[in-house]
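> What follows is the file model_31.tsv, containing TSV, C-alpha atoms:
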chain	number	residue	atom	x	y	z
A	150	LEU	CA	-50.07	58.13	-106.62
A	151	LEU	CA	-46.74	56.31	-106.28
A	152	ASN	CA	-46.94	52.69	-107.45
A	153	ILE	CA	-44.91	50.37	-105.22
A	154	ASN	CA	-44.47	46.65	-105.85
A	155	VAL	CA	-43.26	44.84	-102.69
A	156	GLY	CA	-42.56	41.16	-103.19
A	157	GLY	CA	-45.17	40.91	-105.98
A	158	LYS	CA	-47.93	42.86	-104.21
A	159	LEU	CA	-48.92	46.31	-105.49
A	160	PHE	CA	-49.44	49.29	-103.17
A	161	GLN	CA	-50.39	52.84	-104.09
A	162	ILE	CA	-49.59	55.77	-101.83
A	163	ALA	CA	-50.09	59.48	-102.50
A	164	TYR	CA	-46.97	61.57	-103.00
A	165	LYS	CA	-48.09	64.20	-100.50
A	166	VAL	CA	-48.56	61.53	-97.81
A	167	LEU	CA	-45.04	60.20	-98.35
A	168	ALA	CA	-43.61	63.74	-98.35
A	169	GLN	CA	-44.68	64.12	-94.70
A	170	TYR	CA	-41.91	61.69	-93.77
A	171	PRO	CA	-38.92	62.89	-95.86
A	172	ILE	CA	-36.26	60.89	-93.98
A	173	THR	CA	-37.88	57.52	-94.79
A	174	ARG	CA	-37.00	55.54	-97.91
A	175	LEU	CA	-40.39	56.08	-99.58
A	176	GLY	CA	-40.38	59.75	-98.52
A	177	LYS	CA	-37.08	60.25	-100.33
A	178	LEU	CA	-38.45	58.34	-103.32
A	179	ALA	CA	-41.40	60.74	-103.49
A	180	LEU	CA	-39.27	63.89	-103.11
A	181	TYR	CA	-36.31	63.06	-105.35
A	182	THR	CA	-36.47	64.33	-108.92
A	183	ASP	CA	-33.24	62.74	-110.13
A	184	PRO	CA	-34.05	59.29	-111.69
A	185	VAL	CA	-30.61	57.94	-110.77
A	186	LYS	CA	-31.15	58.67	-107.07
A	187	LYS	CA	-34.60	57.08	-107.25
A	188	LEU	CA	-33.15	53.87	-108.72
A	189	GLN	CA	-30.65	53.73	-105.85
A	190	LEU	CA	-33.55	53.54	-103.37
A	191	CYS	CA	-35.32	50.58	-104.99
A	192	ASP	CA	-34.36	47.18	-106.40
A	193	ASP	CA	-35.90	47.68	-109.82
A	194	TYR	CA	-38.15	49.98	-111.84
A	195	LEU	CA	-40.84	48.84	-114.31
A	196	VAL	CA	-41.20	51.54	-116.95
A	197	GLN	CA	-44.36	50.12	-118.56
A	198	LYS	CA	-46.35	50.12	-115.31
A	199	ASN	CA	-44.42	52.95	-113.60
A	200	GLU	CA	-43.78	50.71	-110.61
A	201	TYR	CA	-40.92	50.75	-108.16
A	202	PHE	CA	-40.06	47.20	-107.19
A	203	PHE	CA	-38.75	46.22	-103.72
A	204	ASP	CA	-37.63	42.69	-102.95
A	205	ARG	CA	-38.85	42.75	-99.35
A	206	ASP	CA	-41.42	40.96	-97.19
A	207	PRO	CA	-44.93	42.07	-98.30
A	208	SER	CA	-46.58	40.81	-95.07
A	209	ILE	CA	-44.60	43.29	-92.94
A	210	PHE	CA	-45.01	46.06	-95.50
A	211	HIS	CA	-48.75	46.04	-94.75
A	212	TYR	CA	-47.85	47.66	-91.40
A	213	ILE	CA	-45.52	50.12	-93.15
A	214	PHE	CA	-48.33	50.97	-95.56
A	215	HIS	CA	-50.72	51.48	-92.64
A	216	PHE	CA	-48.16	53.74	-90.96
A	217	TYR	CA	-48.10	56.16	-93.94
A	218	ARG	CA	-51.92	56.28	-93.99
A	219	SER	CA	-52.48	56.70	-90.23
A	220	GLY	CA	-49.16	57.91	-88.80
A	221	VAL	CA	-49.10	55.03	-86.29
A	222	LEU	CA	-46.86	51.95	-86.55
A	223	TRP	CA	-48.68	48.86	-85.32
A	224	ILE	CA	-46.78	45.85	-83.98
A	225	MET	CA	-48.31	42.39	-83.75
A	226	ASP	CA	-47.21	39.79	-81.18
A	227	GLU	CA	-46.72	37.03	-83.75
A	228	MET	CA	-43.95	38.94	-85.54
A	229	CYS	CA	-40.33	38.01	-85.18
A	230	PRO	CA	-38.69	40.99	-83.42
A	231	SER	CA	-35.40	40.69	-85.30
A	232	ASN	CA	-37.09	40.46	-88.70
A	233	PHE	CA	-39.44	43.34	-87.93
A	234	VAL	CA	-36.61	45.63	-86.77
A	235	GLU	CA	-34.60	44.76	-89.88
A	236	GLU	CA	-37.56	45.62	-92.13
A	237	ILE	CA	-38.43	48.95	-90.52
A	238	GLU	CA	-34.76	49.95	-90.56
A	239	TYR	CA	-34.70	49.25	-94.29
A	240	TRP	CA	-37.73	51.46	-94.85
A	241	GLY	CA	-36.20	54.14	-92.60
A	242	ILE	CA	-39.02	54.15	-90.03
A	243	HIS	CA	-38.18	54.51	-86.35
A	244	LEU	CA	-39.79	52.45	-83.61
A	245	LYS	CA	-40.86	55.68	-81.86
A	246	TYR	CA	-43.80	55.99	-84.27
A	247	SER	CA	-45.47	53.00	-82.61
A	248	GLN	CA	-47.85	53.21	-79.66
A	249	ARG	CA	-46.20	53.18	-76.23
A	250	CYS	CA	-48.00	50.00	-75.13
A	251	CYS	CA	-46.96	48.15	-78.29
A	252	ARG	CA	-43.41	49.47	-78.04
A	253	ILE	CA	-42.97	48.34	-74.42
A	254	LEU	CA	-44.24	44.82	-75.17
A	255	PHE	CA	-42.15	44.63	-78.33
A	256	GLU	CA	-38.94	45.72	-76.57
A	257	GLU	CA	-39.57	43.20	-73.78
A	258	LYS	CA	-40.05	40.45	-76.35
A	259	ARG	CA	-36.91	41.52	-78.21
A	260	ASP	CA	-34.87	41.53	-74.97
A	261	GLU	CA	-36.20	38.08	-74.08
A	262	LEU	CA	-35.26	36.78	-77.52
A	263	SER	CA	-31.76	38.25	-77.38
A	264	GLU	CA	-31.26	36.82	-73.87
A	265	TYR	CA	-32.53	33.44	-75.06
A	266	LEU	CA	-30.15	33.42	-78.04
A	267	LYS	CA	-27.27	34.50	-75.79
A	268	ILE	CA	-27.95	31.66	-73.32
A	269	GLU	CA	-28.29	29.14	-76.17
A	270	LYS	CA	-24.92	30.23	-77.53
A	271	GLU	CA	-23.28	29.97	-74.11
A	272	LEU	CA	-24.83	26.54	-73.52
A	273	GLU	CA	-23.42	25.28	-76.81
A	274	ALA	CA	-20.02	26.76	-75.92
A	275	GLU	CA	-20.22	24.98	-72.54
A	276	LEU	CA	-20.16	21.59	-74.26
A	277	GLU	CA	-17.79	22.46	-77.07
A	278	PRO	CA	-14.14	21.61	-76.36
A	279	LEU	CA	-11.58	24.39	-76.43
A	280	GLU	CA	-9.96	22.77	-79.43
A	281	SER	CA	-11.08	20.69	-82.38
A	282	GLY	CA	-9.44	17.84	-84.21
A	283	ALA	CA	-8.89	20.02	-87.28
A	284	GLN	CA	-6.42	22.22	-85.39
A	285	PHE	CA	-3.79	19.46	-85.43
A	286	ASP	CA	-3.57	19.29	-89.24
A	287	GLY	CA	-0.10	20.18	-90.46
A	288	LYS	CA	1.43	20.39	-86.96
A	289	PHE	CA	4.23	18.41	-85.36
A	290	LEU	CA	2.99	14.85	-84.65
A	291	GLY	CA	-0.45	16.04	-85.69
A	292	GLN	CA	-2.04	12.60	-86.15
A	293	PHE	CA	-0.67	11.29	-82.87
A	294	ARG	CA	-1.77	14.37	-80.91
A	295	LYS	CA	-5.19	14.22	-82.56
A	296	MET	CA	-5.54	10.57	-81.52
A	297	VAL	CA	-4.55	11.45	-77.93
A	298	TRP	CA	-6.96	14.41	-77.97
A	299	ASN	CA	-9.88	12.23	-79.07
A	300	LEU	CA	-8.94	9.68	-76.44
A	301	ILE	CA	-8.82	12.15	-73.55
A	302	GLU	CA	-11.24	14.93	-74.56
A	303	ASN	CA	-13.92	13.24	-76.66
A	304	PRO	CA	-15.40	10.30	-74.73
A	305	TYR	CA	-17.91	9.58	-77.52
A	306	SER	CA	-15.22	9.10	-80.17
A	307	SER	CA	-14.39	5.49	-79.29
A	308	VAL	CA	-14.80	2.77	-76.67
A	309	PRO	CA	-11.30	3.35	-75.14
A	310	ALA	CA	-12.10	7.06	-74.80
A	311	LYS	CA	-15.31	6.22	-72.94
A	312	ILE	CA	-13.40	3.80	-70.69
A	313	ILE	CA	-10.87	6.53	-69.82
A	314	ALA	CA	-13.72	8.94	-68.98
A	315	VAL	CA	-15.27	6.33	-66.67
A	316	MET	CA	-11.89	5.56	-65.09
A	317	SER	CA	-11.31	9.28	-64.45
A	318	SER	CA	-14.55	9.54	-62.48
A	319	PHE	CA	-13.78	6.25	-60.71
A	320	PHE	CA	-10.33	7.40	-59.55
A	321	VAL	CA	-11.78	10.70	-58.33
A	322	LEU	CA	-14.25	8.82	-56.15
A	323	ILE	CA	-11.54	6.43	-54.93
A	324	SER	CA	-9.32	9.37	-54.03
A	325	ILE	CA	-12.08	11.12	-52.07
A	326	VAL	CA	-12.97	7.88	-50.26
A	327	GLY	CA	-9.28	7.33	-49.41
A	328	MET	CA	-8.90	10.84	-48.05
A	329	THR	CA	-12.03	10.36	-45.94
A	330	LEU	CA	-10.91	7.00	-44.53
A	331	SER	CA	-7.48	8.39	-43.67
A	332	THR	CA	-9.12	10.53	-40.97
A	333	VAL	CA	-10.81	7.52	-39.28
A	334	GLU	CA	-9.05	6.56	-36.03
A	335	GLU	CA	-9.05	2.84	-36.83
A	336	MET	CA	-7.22	3.50	-40.13
A	337	LYS	CA	-4.36	5.48	-38.55
A	338	ASN	CA	-2.32	2.39	-37.73
A	339	LYS	CA	0.73	1.33	-39.73
A	340	THR	CA	-1.16	-1.01	-42.08
A	341	GLY	CA	-3.95	1.50	-42.73
A	342	LYS	CA	-1.48	4.27	-43.49
A	343	MET	CA	0.36	2.04	-45.93
A	344	TRP	CA	-2.85	1.19	-47.81
A	345	MET	CA	-3.91	4.83	-47.93
A	346	GLU	CA	-0.49	5.90	-49.23
A	347	GLN	CA	-0.54	3.26	-51.96
A	348	MET	CA	-4.05	4.23	-52.98
A	349	GLU	CA	-3.07	7.91	-53.08
A	350	MET	CA	0.01	7.10	-55.17
A	351	ILE	CA	-2.03	5.14	-57.74
A	352	CYS	CA	-4.59	7.94	-58.03
A	353	ALA	CA	-1.86	10.57	-58.37
A	354	ILE	CA	-0.15	8.56	-61.11
A	355	PHE	CA	-3.40	8.29	-63.06
A	356	PHE	CA	-4.21	11.99	-62.65
A	357	THR	CA	-0.66	12.94	-63.68
A	358	SER	CA	-0.85	10.74	-66.77
A	359	GLU	CA	-4.21	12.26	-67.67
A	360	TYR	CA	-2.83	15.80	-67.25
A	361	VAL	CA	0.27	15.04	-69.34
A	362	MET	CA	-1.90	13.57	-72.11
A	363	ARG	CA	-4.02	16.71	-72.16
A	364	LEU	CA	-0.89	18.84	-72.25
A	365	ILE	CA	0.58	16.85	-75.14
A	366	SER	CA	-2.66	17.00	-77.16
A	367	SER	CA	-3.10	20.73	-76.65
A	368	SER	CA	-2.47	22.87	-79.74
A	369	SER	CA	-1.91	26.03	-77.68
A	370	PHE	CA	-0.04	25.99	-74.36
A	371	LYS	CA	-1.44	29.41	-73.40
A	372	ASN	CA	-5.06	28.33	-73.92
A	373	PHE	CA	-4.32	25.12	-72.05
A	374	LEU	CA	-3.22	27.03	-68.95
A	375	ARG	CA	-6.21	29.39	-69.14
A	376	ALA	CA	-8.79	26.59	-69.18
A	377	ALA	CA	-10.62	26.18	-65.87
A	378	PHE	CA	-10.82	22.37	-66.06
A	379	ASN	CA	-7.07	22.11	-66.66
A	380	ALA	CA	-6.46	24.28	-63.59
A	381	ILE	CA	-8.64	21.88	-61.57
A	382	ASP	CA	-6.60	18.95	-62.88
A	383	LEU	CA	-3.39	20.67	-61.80
A	384	VAL	CA	-4.78	21.36	-58.32
A	385	ALA	CA	-5.78	17.70	-58.10
A	386	ILE	CA	-2.21	16.41	-58.55
A	387	LEU	CA	-0.13	19.15	-56.89
A	388	PRO	CA	-0.87	18.15	-53.25
A	389	PHE	CA	0.69	14.70	-53.77
A	390	TYR	CA	4.00	16.07	-55.05
A	391	ILE	CA	4.10	18.98	-52.60
A	392	GLN	CA	3.53	16.52	-49.76
A	393	ILE	CA	6.46	14.40	-50.96
A	394	LEU	CA	8.60	17.55	-51.16
A	395	PHE	CA	7.78	18.59	-47.58
A	396	GLU	CA	8.31	15.10	-46.23
A	397	ASN	CA	11.84	15.01	-47.66
A	398	LEU	CA	12.87	18.47	-46.47
A	399	ASP	CA	14.12	17.23	-43.12
A	400	ASP	CA	16.84	14.65	-43.67
A	401	GLY	CA	17.54	12.57	-40.57
A	402	ASP	CA	18.48	9.13	-39.43
A	403	MET	CA	14.88	8.17	-38.58
A	404	GLN	CA	12.80	5.93	-40.74
A	405	TYR	CA	10.25	7.36	-43.18
A	406	HIS	CA	7.14	6.88	-41.02
A	407	GLU	CA	8.84	8.20	-37.89
A	408	GLU	CA	10.01	11.24	-39.86
A	409	LEU	CA	6.51	11.84	-41.19
A	410	HIS	CA	5.14	11.59	-37.66
A	411	LYS	CA	7.68	14.15	-36.49
A	412	VAL	CA	6.82	16.56	-39.31
A	413	GLU	CA	3.11	16.29	-38.65
A	414	ASN	CA	3.23	16.67	-34.89
A	415	VAL	CA	6.34	18.67	-34.07
A	416	SER	CA	7.53	20.67	-37.03
A	417	LYS	CA	5.86	23.85	-38.25
A	418	LEU	CA	5.60	22.15	-41.64
A	419	GLY	CA	2.90	19.93	-40.20
A	420	LYS	CA	0.21	22.59	-40.49
A	421	VAL	CA	1.22	23.32	-44.07
A	422	LEU	CA	1.19	19.60	-44.83
A	423	LYS	CA	-2.32	19.19	-43.46
A	424	LEU	CA	-3.50	22.14	-45.50
A	425	ILE	CA	-1.97	20.65	-48.64
A	426	LYS	CA	-3.64	17.32	-47.93
A	427	LEU	CA	-6.94	19.12	-47.57
A	428	MET	CA	-6.52	20.49	-51.09
A	429	ARG	CA	-7.22	16.98	-52.38
A	430	ILE	CA	-10.91	17.65	-51.76
A	431	PHE	CA	-10.88	19.80	-54.91
A	432	ARG	CA	-10.49	16.62	-56.93
A	433	ILE	CA	-14.23	16.20	-56.72
A	434	LEU	CA	-14.49	19.15	-59.11
A	435	LYS	CA	-12.99	16.91	-61.79
A	436	LEU	CA	-16.37	15.18	-61.96
A	437	ALA	CA	-17.78	18.33	-63.59
A	438	ARG	CA	-15.84	17.47	-66.77
A	439	HIS	CA	-18.07	14.43	-67.36
A	440	SER	CA	-21.19	15.45	-65.40
A	441	THR	CA	-23.94	17.39	-67.16
A	442	GLY	CA	-25.66	18.09	-63.85
A	443	LEU	CA	-22.58	19.77	-62.33
A	444	ARG	CA	-22.07	21.79	-65.51
A	445	ALA	CA	-25.71	22.88	-65.41
A	446	PHE	CA	-25.33	23.89	-61.76
A	447	SER	CA	-22.19	25.91	-62.51
A	448	PHE	CA	-23.88	27.54	-65.51
A	449	THR	CA	-26.93	28.39	-63.38
A	450	MET	CA	-24.75	30.07	-60.75
A	451	ARG	CA	-23.00	32.13	-63.43
A	452	GLN	CA	-26.27	33.20	-65.03
A	453	CYS	CA	-28.03	33.94	-61.73
A	454	TYR	CA	-25.17	35.61	-59.87
A	455	GLN	CA	-27.24	38.79	-59.47
A	456	GLN	CA	-30.08	36.91	-57.75
A	457	VAL	CA	-27.59	35.02	-55.56
A	458	CYS	CA	-25.81	38.24	-54.55
A	459	CYS	CA	-29.18	39.84	-53.83
A	460	LEU	CA	-30.13	36.87	-51.63
A	461	LEU	CA	-26.84	37.13	-49.71
A	462	LEU	CA	-27.39	40.88	-49.26
A	463	PHE	CA	-30.87	40.31	-47.83
A	464	ILE	CA	-29.53	37.63	-45.49
A	465	ALA	CA	-26.79	39.97	-44.26
A	466	MET	CA	-29.33	42.75	-43.69
A	467	GLY	CA	-31.58	40.34	-41.79
A	468	VAL	CA	-28.71	39.07	-39.65
A	469	PHE	CA	-27.66	42.58	-38.62
A	470	THR	CA	-31.25	43.75	-38.05
A	471	PHE	CA	-32.54	40.83	-35.98
A	472	SER	CA	-29.31	40.39	-34.01
A	473	ALA	CA	-29.61	44.03	-32.93
A	474	LEU	CA	-33.30	43.55	-32.00
A	475	ILE	CA	-32.73	40.35	-30.03
A	476	HIS	CA	-29.82	41.90	-28.16
A	477	SER	CA	-31.84	44.95	-27.20
A	478	VAL	CA	-34.61	42.84	-25.61
A	479	GLU	CA	-32.46	40.01	-24.16
A	480	HIS	CA	-29.25	41.59	-22.91
A	481	ASP	CA	-30.66	42.29	-19.41
A	482	VAL	CA	-31.70	38.65	-18.82
A	483	PRO	CA	-29.33	36.91	-16.33
A	484	GLY	CA	-27.20	34.23	-18.00
A	485	THR	CA	-28.25	35.20	-21.51
A	486	ASP	CA	-26.13	34.26	-24.51
A	487	PHE	CA	-27.00	37.54	-26.27
A	488	THR	CA	-24.37	39.58	-24.46
A	489	SER	CA	-23.54	41.59	-27.58
A	490	ILE	CA	-24.75	42.05	-31.14
A	491	PRO	CA	-21.86	39.99	-32.63
A	492	CYS	CA	-22.78	37.15	-30.25
A	493	ALA	CA	-26.33	37.28	-31.65
A	494	TRP	CA	-25.19	37.00	-35.28
A	495	TRP	CA	-25.02	33.20	-35.12
A	496	TRP	CA	-28.56	32.95	-33.75
A	497	ALA	CA	-29.89	35.34	-36.43
A	498	ALA	CA	-28.14	33.44	-39.26
A	499	VAL	CA	-29.43	30.07	-38.03
A	500	SER	CA	-32.96	31.41	-37.59
A	501	LEU	CA	-33.04	33.12	-41.02
A	502	SER	CA	-31.94	29.92	-42.70
A	503	THR	CA	-34.78	28.10	-40.81
A	504	VAL	CA	-32.25	25.52	-39.54
A	505	GLY	CA	-32.75	26.36	-35.87
A	506	TYR	CA	-30.09	24.45	-33.92
A	507	GLY	CA	-31.57	25.53	-30.59
A	508	ASP	CA	-28.17	26.13	-29.02
A	509	THR	CA	-29.11	29.78	-28.41
A	510	VAL	CA	-32.74	30.70	-27.66
A	511	PRO	CA	-34.51	33.81	-26.32
A	512	ASP	CA	-36.02	33.66	-22.81
A	513	THR	CA	-38.44	36.61	-22.77
A	514	ILE	CA	-41.81	36.85	-24.53
A	515	LEU	CA	-40.64	39.90	-26.46
A	516	GLY	CA	-37.51	38.00	-27.55
A	517	ARG	CA	-39.63	35.10	-28.79
A	518	MET	CA	-41.77	37.50	-30.79
A	519	VAL	CA	-38.60	38.86	-32.43
A	520	ALA	CA	-37.53	35.28	-33.12
A	521	PHE	CA	-40.91	34.50	-34.72
A	522	VAL	CA	-40.63	37.53	-37.02
A	523	CYS	CA	-37.04	36.54	-37.88
A	524	ILE	CA	-38.03	32.97	-38.80
A	525	SER	CA	-41.04	34.19	-40.83
A	526	PHE	CA	-38.81	36.61	-42.72
A	527	GLY	CA	-36.35	33.77	-43.38
A	528	ILE	CA	-39.09	31.54	-44.85
A	529	ILE	CA	-40.24	34.29	-47.21
A	530	LEU	CA	-36.68	35.27	-48.09
A	531	ASN	CA	-35.57	31.72	-48.91
A	532	GLY	CA	-38.72	30.93	-50.86
A	533	MET	CA	-38.42	33.75	-53.42
A	534	PRO	CA	-35.10	33.06	-55.20
A	535	ILE	CA	-35.00	29.29	-54.70
A	536	SER	CA	-37.85	28.68	-57.14
A	537	ILE	CA	-36.17	30.92	-59.74
A	538	LEU	CA	-32.85	29.12	-59.37
A	539	TYR	CA	-34.48	25.69	-59.53
A	540	ASN	CA	-36.52	26.51	-62.64
A	541	LYS	CA	-33.48	27.89	-64.42
A	542	PHE	CA	-31.35	24.93	-63.35
A	543	SER	CA	-33.89	22.41	-64.68
A	544	ASP	CA	-34.21	24.39	-67.92
A	545	TYR	CA	-30.44	24.64	-68.44
A	546	TYR	CA	-29.98	20.98	-67.54
A	547	ALA	CA	-32.57	19.89	-70.13
A	548	LYS	CA	-30.97	22.09	-72.80
A	549	LEU	CA	-27.47	20.85	-72.00
A	550	LYS	CA	-28.65	17.24	-72.27
A	551	ALA	CA	-30.35	18.03	-75.59
A	552	HIS	CA	-27.19	19.67	-76.97
A	553	GLU	CA	-25.11	16.78	-75.68
A	554	MET	CA	-27.34	14.22	-77.40
A	555	SER	CA	-27.37	16.19	-80.65
A	556	GLN	CA	-23.57	16.31	-80.67
Render the structure in this file as structure tokens.

Amino acid sequence: LLNINVGGKLFQIAYKVLAQYPITRLGKLALYTDPVKKLQLCDDYLVQKNEYFFDRDPSIFHYIFHFYRSGVLWIMDEMCPSNFVEEIEYWGIHLKYSQRCCRILFEEKRDELSEYLKIEKELEAELEPLESGAQFDGKFLGQFRKMVWNLIENPYSSVPAKIIAVMSSFFVLISIVGMTLSTVEEMKNKTGKMWMEQMEMICAIFFTSEYVMRLISSSSFKNFLRAAFNAIDLVAILPFYIQILFENLDDGDMQYHEELHKVENVSKLGKVLKLIKLMRIFRILKLARHSTGLRAFSFTMRQCYQQVCCLLLFIAMGVFTFSALIHSVEHDVPGTDFTSIPCAWWWAAVSLSTVGYGDTVPDTILGRMVAFVCISFGIILNGMPISILYNKFSDYYAKLKAHEMSQ
């Protein structure tokens, strides 16, 4: 018998049993005759008791010991998958020696654990800033840039930093409200335009100052440009300056407001100017910098992109299928709106989404039966992934809030 001491517990295994598995650590220990090679396989050797000592977990070695006696590796649910894999790799035993049912459950549990750890790591990275205050040590104006960085990037560092974070969200809302009111007919008079322009100028000045402060406090210009939030900040301020550039392209004798009216209504630059003004709607994305809910939503979309793409694929298949069916049974009806399959796409999309505007409806009994099947399919289709997305969103939101509070 080979005497093995694992973490203070003694085990005895016959040499001939160990020799059946020569590639394992204990199999090599039983087959080697060179004492030097044997000592390389264990942590210590007690000459008085003729024991080979291993500084490993004795609770897991019970399953290793059972494997040598029965030839089957048992896996219990309460074991940590990472720890168990590390132990069996040390002893040189492959997972293939376990029963198929145990191996399938164990691999599923290991995949779930690795996915959980991956998501936890990504959630922590979601809240961590791209830079830390320690990166400014020893650099040009390091203390000043660190102070600016804490002021603009770390709202929990001081009261002024929290005030700036609140002001950033406030100016975003003011800017969106101003853009919305500028489209109201009653606000298109001279006084309304003047107020909207002044409000837009104040918001643009604040956003520009915020962007410049972030640029100054950045330790790496390349990383600053790569950051998604910084790109959003740049998109938020560019429309204001591009609009000013376009408005001053045409130099004439007319006054400023008359020139702007001419550009918007006569010149080809008017369409470009309206498109640039529309870009201001992206300022609402700046709220994601200080909103845990928006971050959780973005993180959920990134993690569940496969389910979302699958949902869009099913919707597209349903639209093509039911539009073809409704056209085949309705195209002979006088005055029908289903004159072609592309004309039926809108009806199929609205029916699958269970919105049902009622602007296009089938007239025949067979067409209504197709519509009923289409709506039923839409209810089932929308119900499957929505629950998954909601559960993951609520889970990610709770974890983000927990990480945020811990920080």
> Atom CA of Asn303 of chain A and atom CA of Ser324 of chain A are how many Å apart?
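Atom CA of Asn303 of chain A sits 23.4 Å away from atom CA of Ser324 of chain A.
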> Which residues, written as a ChimeraX atom specification, have at least one atom at most 12 Å from Val315 of chain A, with only C-alpha atoms counted and residues fewer than 3 positions away on the same chain left out?
/A:301,304-305,308-312,318-322,435-436,438-440
> Could you check the closest approach to Val522 of chain A for each of A:Tyr545, A:Phe370, A:Trp494, A:Phe471 and tell me which residue wins, using all atoms listed in the file?
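Closest candidate: A:Phe471.
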> Within 10 Å of (-36.7, 41.0, -79.2), all atoms listed in the file: residues as a list in words?
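Output of the proximity query reads Met228, Cys229, Pro230, Ser231, Asn232, Phe233, Val234, Leu254, Phe255, Glu256, Glu257, Lys258, Arg259, Asp260, Glu261, Leu262, Ser263, Glu264 and Tyr265 of chain A.
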> Between A:Phe202, A:Phe373, A:Phe389, A:Tyr506, single out the one closest to Cys352 of chain A, counting only C-alpha atoms.
A:Phe389
> State, in Å with one decimal place, the distance from atom CA of Tyr164 of chain A to atom CA of Gly176 of chain A.
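Separation between atom CA of Tyr164 of chain A and atom CA of Gly176 of chain A: 8.2 Å.
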> In Å, how far is it from atom CA of Thr509 of chain A to atom CA of Gly527 of chain A?
17.1 Å
> So, with only C-alpha atoms as the atoms that count, which of A:Met328, A:Leu151, A:Val297, A:Met428 lies closest to Glu346 of chain A?
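Among A:Met328, A:Leu151, A:Val297, A:Met428, it is A:Met328 that comes nearest to Glu346 of chain A.
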